[in-house]
$ cat query_38.cif   # mmCIF, C-alpha atoms
data_model
#
loop_
_atom_site.label_atom_id
_atom_site.label_comp_id
_atom_site.auth_asym_id
_atom_site.auth_seq_id
_atom_site.Cartn_x
_atom_site.Cartn_y
_atom_site.Cartn_z
CA MET A 8 0.00 0.00 0.00
CA PHE A 9 1.12 3.58 -0.38
CA ILE A 10 0.14 6.97 0.96
CA ALA A 11 -1.41 9.38 -1.54
CA LYS A 12 -3.20 12.69 -1.61
CA VAL A 13 -6.48 13.04 -3.48
CA VAL A 14 -5.84 15.80 -6.03
CA GLY A 15 -9.01 15.56 -8.08
CA SER A 16 -11.64 13.29 -9.50
CA MET A 17 -12.00 11.79 -12.93
CA VAL A 18 -15.28 11.70 -14.79
CA SER A 19 -15.56 9.25 -17.63
CA THR A 20 -18.76 8.75 -19.61
CA GLN A 21 -17.46 6.24 -22.07
CA LYS A 22 -15.97 3.36 -20.13
CA VAL A 23 -16.07 -0.39 -19.70
CA ALA A 24 -19.63 -1.34 -18.75
CA THR A 25 -18.69 -2.93 -15.40
CA MET A 26 -17.15 0.35 -14.22
CA THR A 27 -20.50 2.15 -14.18
CA GLY A 28 -21.33 3.74 -10.84
CA HIS A 29 -17.82 3.73 -9.41
CA LYS A 30 -16.19 6.93 -8.27
CA LEU A 31 -12.73 7.54 -9.73
CA MET A 32 -10.21 9.78 -7.98
CA MET A 33 -6.91 11.21 -9.17
CA VAL A 34 -4.31 10.55 -6.46
CA GLU A 35 -0.69 11.66 -6.13
CA PRO A 36 1.57 9.24 -4.24
CA TYR A 37 3.36 10.83 -1.27
CA ARG A 38 6.49 9.63 0.47
CA VAL A 39 8.39 10.49 3.62
CA ASP A 40 10.93 13.25 2.98
CA PRO A 41 14.15 11.19 2.70
CA GLN A 42 16.45 14.05 3.77
CA LYS A 43 14.70 15.31 6.88
CA GLY A 44 12.18 12.56 7.56
CA ASP A 45 9.81 15.03 9.18
CA SER A 46 7.11 15.49 6.55
CA LEU A 47 5.35 13.87 3.62
CA VAL A 48 6.31 15.12 0.18
CA GLY A 49 4.62 14.60 -3.16
CA THR A 50 6.18 12.47 -5.90
CA GLY A 51 4.60 14.32 -8.81
CA ARG A 52 3.15 11.14 -10.24
CA SER A 53 -0.52 10.39 -10.52
CA PHE A 54 -2.78 7.38 -10.42
CA VAL A 55 -6.48 6.90 -11.01
CA ALA A 56 -7.98 4.89 -8.15
CA VAL A 57 -11.49 3.58 -7.48
CA ASP A 58 -12.90 5.12 -4.31
CA THR A 59 -15.19 3.00 -2.13
CA LEU A 60 -15.07 5.25 0.96
CA GLY A 61 -16.15 8.73 -0.13
CA SER A 62 -12.84 10.56 0.08
CA GLY A 63 -12.61 14.21 -0.97
CA VAL A 64 -10.02 16.40 -2.64
CA GLY A 65 -7.17 17.16 -0.21
CA ASP A 66 -7.58 13.97 1.85
CA MET A 67 -4.58 11.74 2.53
CA VAL A 68 -5.56 8.18 1.67
CA LEU A 69 -4.10 4.68 1.61
CA VAL A 70 -4.12 3.04 -1.82
CA THR A 71 -3.71 -0.66 -2.68
CA GLN A 72 -2.34 -1.39 -6.11
CA GLY A 73 -1.96 -4.41 -8.34
CA SER A 74 -4.36 -7.33 -8.51
CA SER A 75 -4.93 -6.96 -4.74
CA ALA A 76 -7.19 -4.03 -5.64
CA ARG A 77 -9.78 -6.56 -6.74
CA LEU A 78 -9.90 -8.32 -3.36
CA THR A 79 -13.05 -6.57 -2.15
CA PRO A 80 -16.71 -7.45 -2.76
CA GLU A 81 -17.27 -4.15 -4.59
CA THR A 82 -14.28 -4.36 -6.91
CA LYS A 83 -13.79 -8.07 -7.51
CA SER A 84 -15.24 -8.02 -11.03
CA LEU A 85 -13.72 -4.69 -12.10
CA PRO A 86 -10.73 -4.32 -14.45
CA ILE A 87 -8.84 -2.08 -12.01
CA ASP A 88 -5.43 -2.02 -10.34
CA ALA A 89 -5.74 0.72 -7.71
CA VAL A 90 -8.31 1.22 -4.95
CA VAL A 91 -8.61 3.62 -2.01
CA ILE A 92 -8.88 1.46 1.12
CA GLY A 93 -8.56 3.99 3.94
CA LEU A 94 -8.45 7.63 5.00
CA ILE A 95 -5.26 8.34 6.90
CA ASP A 96 -5.57 9.68 10.44
CA GLN A 97 -1.94 9.81 11.55
CA VAL A 98 1.50 8.91 10.22
CA SER A 99 4.14 8.41 12.94
CA LEU A 100 7.87 7.78 12.73
CA ALA A 101 10.36 7.18 15.55
CA GLN A 102 10.72 10.92 16.18
CA GLY A 103 6.96 11.49 16.41
CA CYS A 104 3.87 12.25 14.39
CA ILE A 105 4.59 13.70 10.93
CA TYR A 106 1.03 13.90 9.65
CA ASP A 107 -2.18 14.44 11.61
CA ARG A 108 -5.49 14.72 9.80
CA LYS A 109 -6.97 17.07 12.43
CA SER A 110 -4.17 19.62 12.23
CA GLU A 111 -4.39 19.69 8.43
CA GLN A 112 -8.00 20.81 8.41
CA MET B 10 12.26 -17.19 -14.04
CA THR B 11 15.12 -15.13 -12.64
CA PRO B 12 18.84 -15.94 -12.24
CA ALA B 13 20.05 -15.31 -8.69
CA LEU B 14 22.82 -16.01 -6.25
CA VAL B 15 22.21 -17.46 -2.79
CA VAL B 16 23.94 -14.99 -0.46
CA GLY B 17 22.76 -16.09 2.96
CA ARG B 18 19.92 -17.25 5.10
CA THR B 19 17.52 -15.75 7.56
CA HIS B 20 16.05 -16.99 10.79
CA ALA B 21 12.63 -16.08 12.17
CA THR B 22 10.76 -17.23 15.27
CA ILE B 23 7.56 -15.27 14.72
CA LYS B 24 6.30 -15.96 11.21
CA ASP B 25 3.36 -16.98 9.10
CA ALA B 26 2.22 -20.51 10.05
CA SER B 27 3.00 -21.84 6.56
CA LEU B 28 6.71 -21.09 7.09
CA GLN B 29 7.19 -23.41 10.08
CA GLY B 30 10.15 -25.67 9.38
CA ALA B 31 11.08 -24.02 6.09
CA THR B 32 14.49 -22.46 5.51
CA LEU B 33 14.24 -18.91 4.27
CA TRP B 34 17.14 -18.25 1.91
CA LEU B 35 18.43 -14.81 1.12
CA VAL B 36 18.88 -14.60 -2.65
CA GLN B 37 20.07 -11.73 -4.80
CA PRO B 38 18.72 -11.54 -8.38
CA ILE B 39 21.66 -10.91 -10.70
CA MET B 40 22.12 -9.74 -14.26
CA ALA B 41 24.12 -11.53 -16.96
CA ASP B 42 27.35 -9.79 -15.85
CA ASP B 43 26.85 -10.60 -12.13
CA ARG B 44 25.65 -7.15 -11.18
CA ALA B 45 23.01 -7.09 -8.45
CA ASP B 46 19.58 -6.50 -9.96
CA GLY B 47 17.30 -4.77 -7.49
CA PHE B 48 16.63 -5.83 -3.94
CA PRO B 49 17.59 -9.16 -2.34
CA LEU B 50 14.60 -11.48 -1.90
CA ILE B 51 13.59 -14.26 0.46
CA ALA B 52 12.98 -17.61 -1.22
CA ILE B 53 12.28 -21.19 -0.25
CA ASP B 54 14.19 -24.07 -1.75
CA ALA B 55 12.97 -27.01 -3.85
CA VAL B 56 16.31 -28.46 -4.99
CA GLY B 57 18.86 -28.42 -2.14
CA ALA B 58 20.72 -25.17 -2.77
CA ALA B 59 23.56 -23.91 -0.56
CA VAL B 60 24.99 -20.50 0.17
CA GLY B 61 27.13 -19.34 -2.77
CA ASP B 62 25.19 -21.27 -5.44
CA ARG B 63 23.97 -19.74 -8.65
CA VAL B 64 20.32 -20.67 -8.93
CA MET B 65 17.17 -19.96 -10.83
CA LEU B 66 14.08 -18.65 -9.13
CA SER B 67 10.46 -19.06 -10.07
CA SER B 68 7.56 -16.98 -8.82
CA ASP B 69 5.03 -19.78 -9.28
CA GLY B 70 2.54 -19.59 -6.41
CA PRO B 71 1.12 -23.15 -6.65
CA LEU B 72 4.68 -24.59 -6.48
CA ALA B 73 5.44 -22.62 -3.30
CA ARG B 74 2.22 -23.84 -1.75
CA THR B 75 3.03 -27.45 -2.66
CA ARG B 76 6.56 -27.18 -1.27
CA LEU B 77 5.37 -25.73 2.03
CA ASN B 78 2.44 -28.12 2.20
CA ALA B 79 0.14 -25.21 2.92
CA GLU B 80 -3.04 -24.02 1.24
CA LYS B 81 -2.16 -20.40 1.74
CA THR B 82 1.20 -18.75 2.09
CA PRO B 83 2.63 -15.28 1.50
CA VAL B 84 5.72 -16.89 -0.07
CA ARG B 85 6.08 -16.96 -3.81
CA TRP B 86 9.74 -17.19 -4.82
CA THR B 87 11.09 -20.74 -4.97
CA ILE B 88 14.57 -21.93 -5.97
CA ILE B 89 13.81 -24.39 -8.78
CA GLY B 90 17.25 -25.12 -10.20
CA LEU B 91 21.00 -24.93 -9.69
CA ALA B 92 23.27 -23.62 -12.45
CA ASP B 93 25.78 -26.31 -13.48
CA GLN B 94 28.39 -23.91 -14.75
CA ARG B 95 28.82 -20.37 -15.88
CA ASN B 96 28.52 -19.51 -19.52
CA MET C 10 6.96 0.85 -5.78
CA PHE C 11 7.41 3.18 -8.73
CA ALA C 12 10.43 1.63 -10.33
CA ILE C 13 10.29 -1.00 -13.04
CA ARG C 14 13.20 -3.40 -12.72
CA SER C 15 14.41 -5.97 -15.14
CA GLY C 16 14.78 -8.83 -12.68
CA THR C 17 11.26 -9.04 -11.39
CA PHE C 18 7.82 -8.63 -12.83
CA PHE C 19 6.00 -5.38 -12.90
CA GLY C 20 3.30 -6.86 -10.68
CA MET C 21 5.38 -6.48 -7.48
CA ILE C 22 5.56 -10.20 -6.73
CA GLU C 23 8.28 -10.09 -4.16
CA MET C 24 9.42 -10.93 -0.70
CA ARG C 25 11.96 -8.34 0.32
CA ILE C 26 13.57 -7.61 3.66
CA GLY C 27 12.72 -4.32 5.28
CA LYS C 28 13.07 -2.26 8.43
CA VAL C 29 10.06 -0.86 10.29
CA VAL C 30 10.32 2.92 10.69
CA GLY C 31 6.82 3.99 11.70
CA THR C 32 3.08 3.46 11.93
CA VAL C 33 0.00 4.62 10.02
CA THR C 34 -3.46 4.89 11.55
CA LEU C 35 -6.69 5.32 9.60
CA SER C 36 -9.74 7.40 10.49
CA ARG C 37 -11.97 5.55 8.07
CA GLN C 38 -11.32 2.28 6.28
CA HIS C 39 -12.82 -0.30 4.00
CA PRO C 40 -15.14 -2.52 6.11
CA THR C 41 -12.91 -5.58 5.56
CA LEU C 42 -9.94 -3.76 7.11
CA MET C 43 -11.20 -3.25 10.67
CA ASN C 44 -8.63 -3.67 13.47
CA ASN C 45 -5.80 -2.86 11.12
CA ARG C 46 -2.21 -2.54 12.21
CA LEU C 47 -0.19 -0.81 9.55
CA ARG C 48 3.55 -0.27 9.62
CA ILE C 49 5.80 1.88 7.47
CA VAL C 50 8.57 -0.36 6.10
CA ILE C 51 11.65 0.61 4.09
CA PRO C 52 13.09 -2.24 1.97
CA LEU C 53 16.81 -2.88 2.45
CA ASP C 54 19.25 -3.57 -0.36
CA LEU C 55 22.20 -5.95 -0.16
CA GLN C 56 24.70 -3.27 0.89
CA GLN C 57 22.44 -2.31 3.77
CA LEU C 58 21.81 -5.92 4.83
CA VAL C 59 25.55 -6.49 5.24
CA GLN C 60 25.60 -3.80 7.92
CA GLY C 61 23.46 -5.84 10.30
CA PRO C 62 20.33 -4.98 12.29
CA ASN C 63 21.39 -1.44 13.24
CA VAL C 64 21.53 -0.29 9.62
CA ASP C 65 20.15 3.15 8.82
CA PRO C 66 17.28 2.42 6.40
CA TRP C 67 17.39 5.97 5.04
CA SER C 68 21.02 5.59 3.95
CA SER C 69 20.25 4.74 0.31
CA ASP C 70 17.69 7.48 -0.35
CA PRO C 71 14.71 5.12 -0.27
CA ASP C 72 12.55 5.54 -3.30
CA ASP C 73 9.82 3.35 -2.02
CA VAL C 74 8.35 3.29 1.42
CA VAL C 75 5.82 0.49 1.81
CA ILE C 76 2.80 0.55 4.09
CA ALA C 77 2.34 -3.07 5.20
CA TRP C 78 -0.25 -4.97 7.24
CA ASP C 79 1.43 -6.27 10.37
CA HIS C 80 0.69 -9.98 10.97
CA CYS C 81 3.58 -10.43 13.43
CA SER C 82 3.35 -7.60 16.00
CA ALA C 83 6.49 -5.96 14.65
CA GLY C 84 7.84 -2.97 16.55
CA LEU C 85 9.88 0.04 15.58
CA ASP C 86 13.28 -0.95 14.10
CA SER C 87 12.26 -4.61 13.56
CA ILE C 88 13.80 -6.32 10.54
CA VAL C 89 10.96 -8.05 8.72
CA ALA C 90 10.11 -10.16 5.68
CA LEU C 91 7.84 -8.10 3.49
CA ALA C 92 5.33 -10.02 1.34
CA GLU C 93 4.20 -7.89 -1.57
CA GLY C 94 1.62 -8.36 -4.27
CA PRO C 95 -1.53 -10.50 -4.07
CA GLU C 96 0.33 -13.04 -1.87
CA ALA C 97 0.16 -10.56 1.00
CA ALA C 98 -3.58 -11.17 1.30
CA GLN C 99 -3.27 -14.98 1.29
CA PRO C 100 -3.08 -15.51 5.07
CA PHE C 101 -6.64 -14.16 5.33
CA LEU C 102 -8.18 -16.57 2.81
CA PRO C 103 -11.01 -17.37 2.28
CA GLU C 104 -11.70 -13.86 3.57
CA LEU C 105 -10.91 -11.21 0.95
CA LYS C 106 -8.94 -8.18 2.07
CA PRO C 107 -7.57 -5.59 -0.37
CA ILE C 108 -3.96 -5.73 0.84
CA ASP C 109 -0.85 -5.59 -1.35
CA ALA C 110 1.83 -5.69 1.36
CA GLY C 111 2.15 -7.58 4.63
CA ILE C 112 4.76 -8.47 7.23
CA ALA C 113 5.13 -12.26 6.87
CA ALA C 114 7.91 -12.88 9.40
CA LEU C 115 9.88 -11.11 12.10
CA LEU C 116 13.51 -11.86 11.26
CA ASP C 117 15.76 -12.59 14.26
CA GLU C 118 18.81 -13.00 12.12
CA VAL C 119 19.91 -12.29 8.56
CA SER C 120 23.29 -13.77 7.72
CA VAL C 121 25.10 -12.74 4.55
CA ASP C 122 27.96 -14.96 3.48
CA PRO C 123 31.11 -12.90 2.69
CA VAL C 124 32.37 -15.42 0.13
CA ALA C 125 29.09 -15.45 -1.78
CA LEU C 126 28.99 -11.67 -1.60
CA LYS C 127 32.27 -11.43 -3.52
CA LYS C 128 30.62 -13.04 -6.56
CA ILE C 129 28.29 -10.09 -6.97
CA LYS C 130 29.15 -6.70 -8.38
CA LEU C 131 27.46 -4.23 -6.11
CA LYS C 132 28.20 -1.10 -8.09
CA LYS C 133 25.10 0.54 -9.40
CA SER C 134 24.62 0.59 -13.14
#

$ encode --input "query_38.cif" --output "structure tokens"
Amino acid sequence: MFIAKVVGSMVSTQKVATMTGHKLMMVEPYRVDPQKGDSLVGTGRSFVAVDTLGSGVGDMVLVTQGSSARLTPETKSLPIDAVVIGLIDQVSLAQGCIYDRKSEQ
Amino acid sequence: MTPALVVGRTHATIKDASLQGATLWLVQPIMADDRADGFPLIAIDAVGAAVGDRVMLSSDGPLARTRLNAEKTPVRWTIIGLADQRN
Amino acid sequence: MFAIRSGTFFGMIEMRIGKVVGTVTLSRQHPTLMNNRLRIVIPLDLQQLVQGPNVDPWSSDPDDVVIAWDHCSAGLDSIVALAEGPEAAQPFLPELKPIDAGIAALLDEVSVDPVALKKIKLKKS
């Protein structure tokens, strides 16, 4: 799994029939700042992920990728490889908390 | 399949139930000129490999499950052959 | 996570060794993921493994940090076996959980043979 920030949503009218009714979000993977290790920094890349939880733009989420994305009742018949499985509350390293959802809002 | 070199072994007390009694080998995938290719991996053995051997790895899930005699296991990489000699 | 390597498949079918550096908690999660314990794990390369259990996982500018489901009650600084790809969800079968990384074993010892090590060129391409 990896940490990502929801940066937008994707609307697609013409798509594979089984995808109808699923919310698609644009997410940017984040990683721990390798120099300082005290914050999360963006990677500049983007993925489209199916959202089953109702996340919004600006939320930090946890994304599963690969064929594991199909291991839920909602997504098992979908041709997808990324799914949002959780909204992140806190990220903690040895030196303490580096991301807290409450303080970001 | 991937060529690799057995570089060591690991020991674990707390582990997935399917790994009880299995030796977890530390293998490093290598390129044709012996450069390390990516991260070292943990693999189980199906042929009797030893540390220092050049081997070939397979990521066949059913084989790993057969070797470990388990219906479910997080292991996938299995040593399925030893290289006779270098080309 | 974002690199495509020649030795392994794109589908992240791997079991690497990593060091636990932190924890992630969720405020909302998929219903199948209740009671989750998630650890932040940095995979170690061969040069780092040679340095033993006190290795600094940040020393090689880690490109990928993996968030893994903790099956083994790993703590901070534990050296663990990291199951990645669909295999990570296997211990839960027949229950389906959307997990692509899990801690499969808590490694007490990782021994690297110095003679075998000499057969490998460690220099980066």

$ closest_residue --input "query_38.cif" --among "A:Gly65, A:Ser53, A:Phe9, A:His29" --to "chain C" --atoms "only C-alpha atoms"
A:Phe9

$ residues_near_point --input "query_38.cif" --point "(-12.2, 5.6, 5.3)" --cutoff "12 Å" --atoms "all atoms listed in the file" --output "ChimeraX atom specification"
/A:58-63,66-70,90-96 /C:34-43

$ resolve_selection --input "query_38.cif" --expression "the PyMOL selection byres ((chain C and resi 75) around 10)" --output "JSON, numbers by chain"
{"A": [8, 9, 10, 38], "C": [10, 27, 29, 47, 48, 49, 50, 51, 52, 72, 73, 74, 76, 77, 78, 91, 93, 109, 110, 111]}

$ atom_distance --input "query_38.cif" --atom1 "atom CA of C:Asp65" --atom2 "atom CA of B:Leu50"
19.0 Å

$ closest_residue --input "query_38.cif" --among "C:Ala113, C:Met24, C:Arg46, C:Trp67" --to "B:Trp34" --atoms "only C-alpha atoms"
C:Met24

$ resolve_selection --input "query_38.cif" --expression "the PyMOL selection byres ((chain A and resi 104) around 10)" --output "VMD selection string"
(chain A and resid 45 to 46 97 to 103 105 to 107) or (chain C and resid 31 to 33)

$ resolve_selection --input "query_38.cif" --expression "the PyMOL selection byres ((chain B and resi 29) around 12)" --output "list in words"
His20, Ala21, Thr22, Ile23, Lys24, Asp25, Ala26, Ser27, Leu28, Gly30, Ala31, Thr32, Leu33, Ile53, Arg76, Leu77, Asn78, Ala79 and Thr82 of chain B; Ala113 and Ala114 of chain C

$ write_last_selection --input "query_38.cif" --atoms "C-alpha atoms" --output "PDB file, keeping the file's coordinate frame"
ATOM      1  CA  HIS B  20      16.050 -16.990  10.790  1.00  0.00           C
ATOM      2  CA  ALA B  21      12.630 -16.080  12.170  1.00  0.00           C
ATOM      3  CA  THR B  22      10.760 -17.230  15.270  1.00  0.00           C
ATOM      4  CA  ILE B  23       7.560 -15.270  14.720  1.00  0.00           C
ATOM      5  CA  LYS B  24       6.300 -15.960  11.210  1.00  0.00           C
ATOM      6  CA  ASP B  25       3.360 -16.980   9.100  1.00  0.00           C
ATOM      7  CA  ALA B  26       2.220 -20.510  10.050  1.00  0.00           C
ATOM      8  CA  SER B  27       3.000 -21.840   6.560  1.00  0.00           C
ATOM      9  CA  LEU B  28       6.710 -21.090   7.090  1.00  0.00           C
ATOM     10  CA  GLY B  30      10.150 -25.670   9.380  1.00  0.00           C
ATOM     11  CA  ALA B  31      11.080 -24.020   6.090  1.00  0.00           C
ATOM     12  CA  THR B  32      14.490 -22.460   5.510  1.00  0.00           C
ATOM     13  CA  LEU B  33      14.240 -18.910   4.270  1.00  0.00           C
ATOM     14  CA  ILE B  53      12.280 -21.190  -0.250  1.00  0.00           C
ATOM     15  CA  ARG B  76       6.560 -27.180  -1.270  1.00  0.00           C
ATOM     16  CA  LEU B  77       5.370 -25.730   2.030  1.00  0.00           C
ATOM     17  CA  ASN B  78       2.440 -28.120   2.200  1.00  0.00           C
ATOM     18  CA  ALA B  79       0.140 -25.210   2.920  1.00  0.00           C
ATOM     19  CA  THR B  82       1.200 -18.750   2.090  1.00  0.00           C
TER      20      THR B  82
ATOM     21  CA  ALA C 113       5.130 -12.260   6.870  1.00  0.00           C
ATOM     22  CA  ALA C 114       7.910 -12.880   9.400  1.00  0.00           C
TER      23      ALA C 114
END

$ residues_near_point --input "query_38.cif" --point "(19.3, 0.1, 5.0)" --cutoff "10 Å" --atoms "all atoms listed in the file" --output "number ranges by chain"
C: 26-28, 51-71

$ atom_distance --input "query_38.cif" --atom1 "atom CA of A:Ala11" --atom2 "atom CA of A:Thr79"
19.8 Å
